[in-house]
Amino acid sequence: MTRAEILRVDPLRPDPGAIERAAAILRAGGLVAFPTETVYGLGAHARDAAAVDGIFRAKGRPADNPLIVHVDGTDAAAALTSEWTPLAGALAASFWPGPLTLVLDAAPGLAPAVSAGLGTVAVRVPRHPVALALLRAAGVPVAAPSANRSGRPSPTTAAHVLADLGETIDALVDGGACPVGIESTVVDARGTTPVLLREGWVTREALGAVAEASAEGLRTSPGTHHRHYRPACAVRLADPGTAASVASGLAADGLRVGLVAREGAPAGVVDVGRFADPAELAERLYDLLRRAEDLGVEAVVVETVAEDGIGRAVMDRLRRAAED
Ligand code: TXA
Ligand code: MG
């Protein structure tokens, strides 16, 4: 079933032997999936072109979609850029380690595919103790997209990673479920105001002044327009309070239907999972989409949330999961 070497670690006290083993595989050019606070990443040595090519092959990722480079601290991040702006310094001081990714002009030396020919590099210092321990032990910058097959929901558990990539990666560091559950916020930090390229766990409200990305800006952040986050079943969105009846209607048409909502599932509908508030849906969203497909439903109806705070990132992912 799987050829990946599995290294189980306690997320609060990662075993140095297991971390060193994973770090050695990374340094040698292997592919290692590992937990971050947001989602599992699929890591490779960011200066090793063959290793980085392996990420694109394993994921089936389009070559025009650049990768986030993960490092263990601000100095290491700044060293990957040709101009570390005052804005980058301020954002790093406020949000790192944590789920914010900064796009800056790239210094030479990274594998070309990391930047997808854009001349920029996206950098992030994660706060998950396993990710930090691994980055420290590796001693090299680690390019890491989410560890799913391209187009699928991001992985928030080791089982999700194995389901998508167990055959194609060298190792998986299993540190349990990711606590945040939704990806980092991506901003262009080359100017004086952060330009929002992808909504994520760090909200607009937390960032303060934010500029909207131009169409051209979004073109250079291709992850925002590629097909993404889709499970094997169809995803239908329903306004608050209407999800159970929408699901019942689809079930009456003869479909096997699942429900993700604040309320429970009516008779004839599969209860995929309930959530109390947008933050809980953010944390569990990808797991619930994968659970819906594991339960064999043909369509899952998901109740929407208000588009403020973390609700914006949740609705961004849900809309793209639901696209035809
Ligand atoms: O939370 C996260 O960010 C996770 C964990 C593993 O760190 N990573 C992640 O990577 O979500 P990925 O590859 O699934 O999404 C990266 C996003 C994409 O939308 C991509 O287009 C954008 O970041 N991106 C990467 N490098 C960029 C660059 N140089 N310029 C603009 N956008 C960039
Ligand atoms: Mg991704």
# chains A, B, ... in the order shown; residues from 1 in each chain; ligands from 1

$ residues_around --residues "segment 148-157 of chain A" --least-positions-apart "2" --cutoff "7 Å" --atoms "only C-alpha atoms" --output "VMD selection string"
chain A and resid 39 to 40 59 to 61 146 159 to 161 164 to 165 176 to 178 181 227 to 231 286 to 287

$ residues_around --residues "Ala76 of chain A" --least-positions-apart "5" --cutoff "12 Å" --atoms "only C-alpha atoms" --output "list in words"
Val69, His70, Val71, Thr81, Trp84, Ala92, Ala107, Val123, Arg124, Val125, Leu135, Arg136, Gly139, Val140, Pro141 and Val142 of chain A

$ residues_near_ligand --ligand "ligand 1" --cutoff "7 Å" --atoms "only C-alpha atoms and all ligand atoms" --output "JSON, numbers by chain"
{"A": [36, 38, 39, 40, 41, 42, 65, 66, 67, 68, 99, 101, 103, 115, 118, 120, 121, 122, 126, 144, 145, 146, 182, 183, 184, 185, 186, 197, 198, 220, 221, 222, 223, 224]}

$ atom_distance --atom1 "atom CA of Glu263 of chain A" --atom2 "atom CA of Arg319 of chain A"
20.5 Å

$ residues_around --residues "Ser248 of chain A" --least-positions-apart "6" --cutoff "9 Å" --atoms "only C-alpha atoms" --output "ChimeraX atom specification"
/A:257,265-269

$ select_by_dssp --residues "segment 46-294 of chain A" --states "helix (DSSP H, G or I)" --output "number ranges by chain"
A: 49-59, 74-79, 86-95, 112-115, 129-138, 158-165, 204-207, 215-219, 222-224, 243-252, 278-294

$ closest_residue --among "A:Leu289, A:Val210, A:Ala77, A:Leu162" --to "Val302 of chain A" --atoms "only C-alpha atoms"
A:Leu289

$ atom_distance --atom1 "atom CA of Asp253 of chain A" --atom2 "atom CA of Asp239 of chain A"
20.0 Å

$ residues_around --residues "Val314 of chain A" --least-positions-apart "2" --cutoff "9 Å" --atoms "only C-alpha atoms" --output "ChimeraX atom specification"
/A:182,199-200,278-279,281-282,285,304-305,307,310-312,316-319

$ closest_residue --among "A:Asp53, A:Asp72, A:Glu303, A:Asp308" --to "Thr242 of chain A" --atoms "only C-alpha atoms"
A:Glu303

$ closest_residue --among "A:Ala46, A:Ala147, A:Ala251, A:Ala58" --to "ligand 2" --atoms "only C-alpha atoms and all ligand atoms"
A:Ala147

$ select_by_dssp --residues "segment 148-295 of chain A" --states "strand (DSSP E)" --output "ChimeraX atom specification"
/A:171-174,185-188,195-198,211-212,234-238,257-261,270-274

$ closest_residue --among "A:Val301, A:Ala113, A:Val130, A:Ala49" --to "Glu37 of chain A" --atoms "only C-alpha atoms"
A:Val130

$ atom_distance --atom1 "atom CA of Leu218 of chain A" --atom2 "atom CA of Val187 of chain A"
10.8 Å

$ closest_residue --among "A:Arg204, A:Glu5, A:Phe56, A:Ala213" --to "ligand 2" --atoms "only C-alpha atoms and all ligand atoms"
A:Phe56

$ residues_around --residues "Pro129 of chain A" --least-positions-apart "6" --cutoff "10 Å" --atoms "only C-alpha atoms" --output "ChimeraX atom specification"
/A:10-14,35-37,135,175

$ write_last_selection --atoms "C-alpha atoms" --output "PDB file, in the first residue's frame"
ATOM      1  CA  ASP A  10       4.914  13.242  19.677  1.00  0.00           C
ATOM      2  CA  PRO A  11       4.033  16.746  18.402  1.00  0.00           C
ATOM      3  CA  LEU A  12       4.934  18.317  21.737  1.00  0.00           C
ATOM      4  CA  ARG A  13       8.246  16.465  22.197  1.00  0.00           C
ATOM      5  CA  PRO A  14       9.463  15.394  18.743  1.00  0.00           C
ATOM      6  CA  PRO A  35       3.014  18.459   9.753  1.00  0.00           C
ATOM      7  CA  THR A  36       2.782  22.221  10.036  1.00  0.00           C
ATOM      8  CA  GLU A  37       0.245  24.115  12.137  1.00  0.00           C
ATOM      9  CA  LEU A 135      13.776  22.638   9.562  1.00  0.00           C
ATOM     10  CA  GLY A 175       2.818  14.332  14.200  1.00  0.00           C
TER      11      GLY A 175
END

$ closest_residue --among "A:Pro62, A:Gly73, A:Thr85, A:Cys233" --to "ligand 2" --atoms "only C-alpha atoms and all ligand atoms"
A:Pro62
